[in-house]
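Coordinates from data01.txt are shown below (compact mmCIF, C-alpha atoms and all ligand atoms).
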# COMPACT_ATOMS: atom_id res chain seq x y z
CA MET A 4 -2.34 49.12 -19.84
CA GLU A 5 -3.76 49.87 -16.41
CA GLU A 6 -1.18 51.14 -13.94
CA ASN A 7 -0.24 48.77 -11.13
CA GLN A 8 -1.93 50.19 -8.02
CA GLY A 9 -0.38 47.73 -5.54
CA ASN A 10 -1.47 44.31 -4.37
CA SER A 11 -4.78 45.26 -2.78
CA GLN A 12 -7.83 47.38 -3.38
CA ILE A 13 -7.28 49.54 -0.26
CA LYS A 14 -7.53 53.22 -1.13
CA LEU A 15 -4.59 55.02 0.47
CA LEU A 16 -5.43 58.59 -0.59
CA THR A 17 -8.55 60.75 -0.37
CA GLU A 18 -9.60 63.02 -3.24
CA ASP A 19 -7.64 65.84 -1.58
CA ASN A 20 -4.50 63.67 -1.51
CA LEU A 21 -4.70 63.13 2.25
CA ARG A 22 -3.44 59.82 3.61
CA LEU A 23 -5.20 57.32 5.90
CA ASP A 24 -3.58 58.95 8.97
CA GLY A 25 -4.46 62.45 7.73
CA ARG A 26 -0.96 63.32 6.54
CA LYS A 27 -0.16 65.25 3.37
CA LEU A 28 1.99 63.51 0.76
CA ASP A 29 5.17 65.31 1.84
CA GLU A 30 4.60 65.00 5.60
CA LEU A 31 6.64 62.90 8.03
CA ARG A 32 4.93 60.86 10.74
CA PRO A 33 5.23 62.47 14.22
CA ILE A 34 8.74 61.77 15.53
CA LYS A 35 9.97 61.60 19.12
CA LEU A 36 13.70 61.20 19.81
CA GLU A 37 15.50 60.61 23.11
CA VAL A 38 19.14 59.91 24.01
CA GLY A 39 20.73 58.33 27.09
CA VAL A 40 17.68 56.17 27.80
CA LEU A 41 19.63 53.10 29.02
CA SER A 42 22.09 53.40 31.89
CA ARG A 43 23.95 50.11 31.27
CA ALA A 44 24.96 50.88 27.69
CA ASP A 45 27.76 53.28 26.68
CA GLY A 46 25.26 55.14 24.54
CA SER A 47 21.61 54.74 23.70
CA ALA A 48 18.68 56.30 21.90
CA TYR A 49 14.96 55.79 21.44
CA ILE A 50 12.81 56.72 18.48
CA GLU A 51 9.09 56.79 17.91
CA GLN A 52 8.13 57.45 14.31
CA GLY A 53 4.38 57.16 13.96
CA LYS A 54 3.58 53.83 15.56
CA SER A 55 7.09 52.39 15.13
CA LYS A 56 9.07 52.26 18.41
CA ILE A 57 12.76 51.36 18.45
CA LEU A 58 15.60 51.28 20.99
CA ALA A 59 19.30 51.38 20.08
CA ALA A 60 22.14 50.59 22.50
CA VAL A 61 25.87 51.02 21.81
CA TYR A 62 28.72 49.19 23.54
CA GLY A 63 32.30 50.07 22.77
CA PRO A 64 34.83 50.66 21.50
CA ARG A 65 35.74 47.46 23.36
CA GLU A 66 37.85 44.36 22.93
CA LEU A 67 36.58 42.21 20.09
CA HIS A 68 35.62 38.58 20.61
CA PRO A 69 36.38 36.28 18.89
CA ARG A 70 39.76 37.94 18.45
CA HIS A 71 40.40 36.53 14.97
CA LEU A 72 37.70 38.90 13.65
CA ALA A 73 39.76 41.92 14.76
CA GLN A 74 40.97 44.19 11.99
CA PRO A 75 44.54 45.43 12.48
CA ASP A 76 43.87 48.93 11.12
CA GLU A 77 40.35 49.78 12.27
CA ALA A 78 37.41 48.93 14.52
CA LEU A 79 34.74 46.47 13.49
CA LEU A 80 31.26 48.04 13.56
CA GLN A 81 28.54 45.46 14.14
CA CYS A 82 24.85 46.40 14.16
CA ILE A 83 22.30 43.81 15.17
CA TYR A 84 18.67 44.50 14.21
CA ARG A 85 16.02 42.42 15.98
CA MET A 86 12.24 42.64 16.20
CA ALA A 87 10.55 41.78 19.49
CA THR A 88 8.14 38.83 19.31
CA PHE A 89 5.32 41.27 20.16
CA SER A 90 6.36 43.98 17.68
CA VAL A 91 4.01 42.89 14.87
CA ASP A 92 0.37 41.75 14.56
CA GLU A 93 1.12 38.04 14.73
CA ARG A 94 3.77 36.83 17.16
CA LYS A 95 7.16 36.85 15.44
CA SER A 96 9.44 33.91 16.06
CA PRO A 97 12.31 34.91 18.36
CA ALA A 98 14.81 33.16 16.06
CA PRO A 99 16.65 35.69 13.86
CA SER A 100 15.01 35.77 10.44
CA ARG A 101 16.79 36.24 7.10
CA ARG A 102 15.24 39.72 6.97
CA GLU A 103 16.76 40.64 10.35
CA THR A 104 20.19 39.37 9.23
CA GLU A 105 19.91 41.39 6.01
CA LEU A 106 18.77 44.54 7.81
CA SER A 107 21.62 44.18 10.34
CA LYS A 108 24.07 44.27 7.41
CA VAL A 109 22.27 47.11 5.61
CA ILE A 110 22.19 49.24 8.79
CA THR A 111 25.88 48.54 9.54
CA GLU A 112 26.83 49.63 6.02
CA SER A 113 24.71 52.78 6.30
CA LEU A 114 26.43 53.87 9.52
CA ALA A 115 30.04 52.77 8.90
CA PRO A 116 30.99 55.73 6.63
CA ALA A 117 30.13 58.12 9.49
CA VAL A 118 32.34 56.47 12.15
CA PHE A 119 36.07 57.18 12.54
CA LEU A 120 36.78 53.44 12.67
CA LYS A 121 40.52 53.99 12.12
CA TYR A 122 40.78 55.58 15.58
CA PHE A 123 40.16 52.20 17.23
CA PRO A 124 42.20 49.43 15.57
CA ARG A 125 41.32 45.86 16.65
CA ALA A 126 38.32 47.07 18.67
CA SER A 127 34.65 46.37 18.30
CA ILE A 128 31.75 48.83 18.32
CA ASP A 129 28.47 46.99 18.83
CA VAL A 130 25.05 48.49 18.16
CA TYR A 131 22.01 46.52 19.32
CA ILE A 132 18.73 47.62 17.78
CA GLN A 133 15.47 46.35 19.19
CA VAL A 134 12.22 47.03 17.38
CA ILE A 135 9.57 47.15 20.08
CA GLN A 136 6.71 47.97 17.74
CA ALA A 137 6.88 47.89 13.94
CA ASP A 138 4.72 49.96 11.63
CA GLY A 139 6.80 50.41 8.50
CA GLY A 140 10.10 52.17 7.86
CA THR A 141 11.91 50.42 10.71
CA ARG A 142 15.26 50.18 8.90
CA CYS A 143 15.31 53.97 8.49
CA SER A 144 14.16 54.69 12.05
CA SER A 145 16.79 52.20 13.28
CA ILE A 146 19.55 54.06 11.43
CA THR A 147 18.38 57.41 12.83
CA ALA A 148 18.32 56.01 16.40
CA ALA A 149 21.58 54.05 16.09
CA SER A 150 23.42 57.11 14.82
CA LEU A 151 22.16 59.10 17.83
CA ALA A 152 23.20 56.27 20.17
CA LEU A 153 26.72 56.30 18.66
CA ALA A 154 26.92 60.05 19.27
CA ASP A 155 25.56 59.54 22.81
CA ALA A 156 28.35 56.99 23.42
CA GLY A 157 30.88 59.69 22.50
CA ILE A 158 32.15 57.79 19.48
CA PRO A 159 33.83 60.21 17.04
CA LEU A 160 31.61 60.70 13.99
CA ARG A 161 32.13 62.54 10.71
CA ASP A 162 28.42 63.40 10.77
CA LEU A 163 25.12 62.03 12.06
CA VAL A 164 23.26 59.70 9.73
CA ALA A 165 19.58 60.51 9.18
CA ALA A 166 17.29 58.14 7.34
CA CYS A 167 13.82 58.27 5.85
CA ALA A 168 11.92 56.53 3.07
CA ALA A 169 9.71 57.87 0.34
CA GLY A 170 7.48 55.74 -1.83
CA LYS A 171 4.55 55.55 -4.20
CA ILE A 172 0.97 55.14 -3.01
CA ASP A 173 -2.10 55.24 -5.28
CA GLY A 174 0.27 56.38 -8.02
CA LYS A 175 1.59 59.42 -6.07
CA ILE A 176 4.98 59.98 -4.45
CA ALA A 177 4.71 60.15 -0.65
CA LEU A 178 7.09 60.60 2.28
CA ASP A 179 7.70 58.17 5.15
CA LEU A 180 5.32 55.26 4.40
CA SER A 181 3.55 53.49 7.24
CA ASP A 182 3.13 49.71 7.20
CA ILE A 183 -0.26 49.76 5.46
CA GLU A 184 1.08 52.16 2.82
CA ASP A 185 4.20 50.04 2.35
CA LYS A 186 2.16 46.84 1.93
CA ASN A 187 -0.51 48.34 -0.35
CA GLY A 188 1.57 50.91 -2.24
CA GLN A 189 3.59 50.45 -5.41
CA ALA A 190 7.11 51.29 -4.23
CA ASP A 191 9.29 52.11 -1.23
CA LEU A 192 12.65 53.88 -1.38
CA PRO A 193 14.61 53.98 1.90
CA VAL A 194 17.39 56.59 1.96
CA ALA A 195 20.04 57.49 4.55
CA ILE A 196 22.29 60.53 4.30
CA MET A 197 25.14 62.27 6.10
CA PRO A 198 23.71 65.76 5.55
CA ARG A 199 26.79 67.87 6.36
CA LYS A 200 28.99 65.70 4.14
CA LYS A 201 26.29 65.50 1.43
CA LEU A 202 26.74 61.73 1.21
CA THR A 203 24.10 59.07 0.67
CA THR A 204 24.88 55.96 2.71
CA LEU A 205 21.73 53.93 1.98
CA LEU A 206 19.64 53.71 -1.16
CA GLN A 207 17.32 50.75 -1.65
CA MET A 208 14.17 50.30 -3.66
CA ASP A 209 11.29 47.90 -3.48
CA GLY A 210 8.57 47.97 -6.19
CA PHE A 211 8.26 49.95 -9.40
CA MET A 212 8.77 53.62 -10.27
CA THR A 213 9.62 55.46 -13.47
CA LYS A 214 12.93 57.33 -13.62
CA GLU A 215 11.11 60.66 -13.03
CA GLU A 216 9.22 59.20 -10.05
CA PHE A 217 12.45 57.79 -8.66
CA ILE A 218 14.10 61.22 -8.77
CA GLU A 219 11.04 62.85 -7.16
CA ALA A 220 10.95 60.19 -4.42
CA TYR A 221 14.69 60.42 -3.77
CA GLU A 222 14.53 64.22 -3.45
CA LEU A 223 11.53 63.97 -1.12
CA ALA A 224 13.28 61.35 1.03
CA VAL A 225 16.38 63.58 1.28
CA LYS A 226 14.17 66.48 2.46
CA GLY A 227 12.70 64.14 5.08
CA CYS A 228 16.20 63.11 6.18
CA GLN A 229 17.20 66.77 6.53
CA LYS A 230 14.21 67.44 8.82
CA ILE A 231 15.11 64.38 10.91
CA TYR A 232 18.75 65.54 11.07
CA GLU A 233 17.63 68.84 12.63
CA MET A 234 15.65 66.87 15.25
CA GLN A 235 18.71 64.68 15.96
CA ARG A 236 20.90 67.76 16.43
CA GLU A 237 18.34 69.36 18.73
CA VAL A 238 18.08 66.32 21.02
CA LEU A 239 21.89 66.09 21.30
CA ILE A 240 22.26 69.82 21.99
CA GLN A 241 19.53 69.53 24.65
CA LYS A 242 21.43 66.65 26.28
CA TYR A 243 24.50 68.88 26.77
CA ILE A 244 22.40 71.83 27.96
CA ASN A 245 20.88 69.53 30.61
CA ILE A 246 24.34 68.33 31.70
CA GLN A 247 25.56 71.93 31.88
CA ASP A 248 22.54 72.88 34.03
CA GLU A 249 23.12 69.92 36.36
CA VAL A 250 26.82 70.72 36.75
CA SER A 251 26.19 74.40 37.48
CA GLU A 252 23.42 73.51 39.97
CA GLU A 253 25.79 71.11 41.78
CA GLY A 254 28.47 73.81 41.80
CA SER A 255 26.17 76.41 43.36
CA GLU A 256 24.92 73.89 45.97
CA GLN A 257 28.53 73.15 46.97
CA ASN A 258 29.26 76.88 47.24
CA ARG A 259 26.18 77.38 49.45
CA GLY A 260 27.27 74.50 51.64
CA GLY A 261 30.52 76.26 52.33
P1 LIG B 1 11.03 48.44 6.92
O1 LIG B 1 10.47 48.28 8.32
O2 LIG B 1 12.39 49.03 6.90
O3 LIG B 1 10.07 49.17 6.00
P2 LIG B 1 10.28 46.06 5.46
O4 LIG B 1 9.90 46.80 4.22
O5 LIG B 1 10.96 44.73 5.31
O6 LIG B 1 11.23 46.96 6.36
O7 LIG B 1 9.00 45.84 6.37
C1 LIG B 1 7.94 46.73 6.35
C2 LIG B 1 7.06 46.51 7.55
O8 LIG B 1 6.50 45.21 7.50
C3 LIG B 1 7.77 46.53 8.91
O9 LIG B 1 8.06 47.82 9.36
C4 LIG B 1 6.73 45.85 9.76
O10 LIG B 1 5.71 46.77 10.12
C5 LIG B 1 6.19 44.79 8.82
N1 LIG B 1 6.83 43.49 9.09
C6 LIG B 1 8.12 43.15 8.91
N2 LIG B 1 8.36 41.89 9.32
C7 LIG B 1 7.17 41.41 9.76
C8 LIG B 1 6.73 40.16 10.30
N3 LIG B 1 7.57 39.15 10.50
N4 LIG B 1 5.42 40.05 10.63
C9 LIG B 1 4.55 41.08 10.44
N5 LIG B 1 4.91 42.27 9.95
C10 LIG B 1 6.19 42.44 9.60
Could you take the file, read its structure, and then write that structure out as structure tokens?
Ligand code: ADP
Amino acid sequence: MEENQGNSQIKLLTEDNLRLDGRKLDELRPIKLEVGVLSRADGSAYIEQGKSKILAAVYGPRELHPRHLAQPDEALLQCIYRMATFSVDERKSPAPSRRETELSKVITESLAPAVFLKYFPRASIDVYIQVIQADGGTRCSSITAASLALADAGIPLRDLVAACAAGKIDGKIALDLSDIEDKNGQADLPVAIMPRKKLTTLLQMDGFMTKEEFIEAYELAVKGCQKIYEMQREVLIQKYINIQDEVSEEGSEQNRGG
């Protein structure tokens, strides 16, 4: 029987196993991370992963409304994933779709194990995720950005959560699928991990893979997550270096002034 090569005839790999955007099979898309991008929120982060662009804003811990949702022994973490109307090729309806509701739940469950929720009984920690431009892998990029925004808000975390998908395109296992690869490939496997704790907090699969392919894809996705984790750490460390520089500059200006 001929192997299922996806829904369309688009060729996703060259003879040298290079992808449409020139990447190798085990290569991530270019990633840009920033923290503290919104001054109104308690914490925030921005991610660009290839052509996907996402903002995450954290409010809390704060009083929970409606109060009957409050949990007596821990905080309630609520992530809300939304796509802007202009984030995809054809205008998306502003009404929350079933997919957005599902992804909000999936993202919340991927981040909750990392947060010391027991430190804030009855409180709410709200994470608003806005996809400004979508080009595949937005649930993973959202988790990466939301975890940074939680850290930026100073919320105590057991570890950062880093996320990345691997999948199958033209019969080969590939890292970090773009939209066209996701739509025309045979499988997508989003993974999120807490690297220091060696815990997997998200594992989903769409499409078909053999057991061997699944293991290969999972291991590749974990390697991708580990690279993203290093970038997350770097951007947070840089934030504190910048604060330190600002504080010492202010101190020396005050000393000069008398
Ligand atoms: P993820 O973004 O996590 O891969 P999906 O697999 O559900 O989630 O979606 C894959 C991609 O499909 C998205 O990243 C986006 O580029 C595209 N997409 C999702 N929803 C829509 C939509 N309503 N209209 C057009 N494209 C969409």
- prompt: Please, which residues are within 7 Å of (37.3, 50.6, 11.5) by the file's coordinates, counting all atoms listed in the file, and could they come as a VMD selection string?
  reply: chain A and resid 76 to 80 119 to 121 123 to 124
- request: Measure the distance from CA of Thr141 (chain A) to CA of Ala59 (chain A) in Å and round it to one decimal.
  value: 12.0 Å
statement: Students should find that atom N5 of ligand LIG 1 (chain B) and CA of Thr17 (chain A) are spaced 25.1 Å
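Interatomic distance, CA of Val164 (chain A) against CA of Cys228 (chain A): 8.6 Å.
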message: So, with all atoms listed in the file as the atoms that count, which of A:Ile231, A:Ile172, A:Val118, A:Met212 lies closest to Asn187 (chain A)?
response: A:Ile172
Size and centre in Å, one decimal, axis-aligned box, all listed ligand LIG 1 (chain B) atoms plus 6 Å per side, as lines of an AutoDock Vina configuration file:
center_x = 8.5
center_y = 44.2
center_z = 7.4
size_x = 19.8
size_y = 22.0
size_z = 18.4
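Residues in contact with ligand LIG 1 (chain B) (atom pairs separated by at most 7 Å; all atoms listed in the file) are Val91, Asp92, Glu93, Lys95, Arg102, Ala137, Asp138, Gly139, Gly140, Thr141, Arg142, Cys143, Asp182 and Asp185 of chain A.
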All residues 8 Å or closer to Ile50 (chain A), all atoms listed in the file, same chain fewer than 3 positions away omitted, as a compact mmCIF listing (two decimals) with C-alpha atoms, keeping the file's coordinate frame:
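Once everything was written out, this is selection-v7.txt:
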# COMPACT_ATOMS: atom_id res chain seq x y z
CA ILE A 34 8.74 61.77 15.53
CA LYS A 35 9.97 61.60 19.12
CA LEU A 36 13.70 61.20 19.81
CA GLU A 37 15.50 60.61 23.11
CA SER A 55 7.09 52.39 15.13
CA LYS A 56 9.07 52.26 18.41
CA ILE A 57 12.76 51.36 18.45
CA LEU A 58 15.60 51.28 20.99
CA SER A 144 14.16 54.69 12.05
CA SER A 145 16.79 52.20 13.28
CA THR A 147 18.38 57.41 12.83
CA ALA A 148 18.32 56.01 16.40
message: Residues proximal to (7.9, 47.3, 21.6) were defined as those with any atom within 7 Å of that point in the file's coordinates, counting all atoms listed in the file. Which are they, as a PyMOL selection string?
response: chain A and resi 56+87+89-90+134-136
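The residue that comes closest to Tyr232 (chain A), out of A:Asn20, A:Asn258, A:Ser100, A:Ser150 and on the basis of only C-alpha atoms, is A:Ser150.
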Could you add the missing atoms to region 106-138 of chain A, up to N, CA and C atoms, and return them as a short mmCIF file (atom, residue, chain, number, x, y, z; two decimals), in the frame of the given file?
data_model
loop_
_atom_site.label_atom_id
_atom_site.label_comp_id
_atom_site.auth_asym_id
_atom_site.auth_seq_id
_atom_site.Cartn_x
_atom_site.Cartn_y
_atom_site.Cartn_z
N LEU A 106 18.87 43.15 7.33
CA LEU A 106 18.77 44.54 7.81
C LEU A 106 19.94 44.90 8.72
N SER A 107 20.45 43.93 9.48
CA SER A 107 21.62 44.18 10.34
C SER A 107 22.79 44.63 9.45
N LYS A 108 22.97 43.95 8.33
CA LYS A 108 24.07 44.27 7.41
C LYS A 108 23.84 45.63 6.75
N VAL A 109 22.60 45.85 6.30
CA VAL A 109 22.27 47.11 5.61
C VAL A 109 22.48 48.30 6.56
N ILE A 110 22.07 48.14 7.82
CA ILE A 110 22.19 49.24 8.79
C ILE A 110 23.67 49.48 9.11
N THR A 111 24.44 48.39 9.29
CA THR A 111 25.88 48.54 9.54
C THR A 111 26.53 49.32 8.41
N GLU A 112 26.21 48.96 7.18
CA GLU A 112 26.83 49.63 6.02
C GLU A 112 26.37 51.08 5.88
N SER A 113 25.19 51.39 6.38
CA SER A 113 24.71 52.78 6.30
C SER A 113 25.40 53.67 7.32
N LEU A 114 25.83 53.07 8.44
CA LEU A 114 26.43 53.87 9.52
C LEU A 114 27.96 53.93 9.43
N ALA A 115 28.57 52.87 8.89
CA ALA A 115 30.04 52.77 8.90
C ALA A 115 30.75 54.00 8.31
N PRO A 116 30.26 54.58 7.19
CA PRO A 116 30.99 55.73 6.63
C PRO A 116 31.05 56.92 7.59
N ALA A 117 30.16 56.96 8.58
CA ALA A 117 30.13 58.12 9.49
C ALA A 117 31.09 57.96 10.67
N VAL A 118 31.56 56.73 10.93
CA VAL A 118 32.34 56.47 12.15
C VAL A 118 33.84 56.51 11.83
N PHE A 119 34.61 57.17 12.70
CA PHE A 119 36.07 57.18 12.54
C PHE A 119 36.62 55.84 13.03
N LEU A 120 36.40 54.80 12.25
CA LEU A 120 36.78 53.44 12.67
C LEU A 120 38.29 53.30 12.84
N LYS A 121 39.05 54.11 12.07
CA LYS A 121 40.52 53.99 12.12
C LYS A 121 41.08 54.43 13.48
N TYR A 122 40.30 55.14 14.26
CA TYR A 122 40.78 55.58 15.58
C TYR A 122 40.89 54.41 16.56
N PHE A 123 40.23 53.29 16.25
CA PHE A 123 40.16 52.20 17.23
C PHE A 123 40.54 50.86 16.60
N PRO A 124 41.81 50.70 16.19
CA PRO A 124 42.20 49.43 15.57
C PRO A 124 41.96 48.25 16.50
N ARG A 125 41.54 47.13 15.95
CA ARG A 125 41.32 45.86 16.65
C ARG A 125 40.08 45.86 17.57
N ALA A 126 39.45 47.01 17.72
CA ALA A 126 38.32 47.07 18.67
C ALA A 126 37.00 46.74 17.98
N SER A 127 35.98 46.63 18.82
CA SER A 127 34.65 46.37 18.30
C SER A 127 33.70 47.46 18.79
N ILE A 128 32.83 47.91 17.92
CA ILE A 128 31.75 48.83 18.32
C ILE A 128 30.45 48.11 17.99
N ASP A 129 29.68 47.80 19.03
CA ASP A 129 28.47 46.99 18.83
C ASP A 129 27.22 47.84 19.02
N VAL A 130 26.31 47.73 18.09
CA VAL A 130 25.05 48.49 18.16
C VAL A 130 23.91 47.48 18.15
N TYR A 131 23.15 47.44 19.23
CA TYR A 131 22.01 46.52 19.32
C TYR A 131 20.74 47.32 19.11
N ILE A 132 19.97 46.89 18.12
CA ILE A 132 18.73 47.62 17.78
C ILE A 132 17.55 46.69 18.04
N GLN A 133 16.63 47.17 18.86
CA GLN A 133 15.47 46.35 19.19
C GLN A 133 14.21 47.07 18.74
N VAL A 134 13.50 46.46 17.81
CA VAL A 134 12.22 47.03 17.38
C VAL A 134 11.16 46.55 18.36
N ILE A 135 10.57 47.49 19.07
CA ILE A 135 9.57 47.15 20.08
C ILE A 135 8.19 47.09 19.43
N GLN A 136 7.98 47.97 18.49
CA GLN A 136 6.71 47.97 17.74
C GLN A 136 7.03 48.39 16.31
N ALA A 137 6.56 47.60 15.35
CA ALA A 137 6.88 47.89 13.94
C ALA A 137 5.66 48.37 13.20
N ASP A 138 5.81 49.49 12.49
CA ASP A 138 4.72 49.96 11.63
C ASP A 138 5.29 50.61 10.37
#
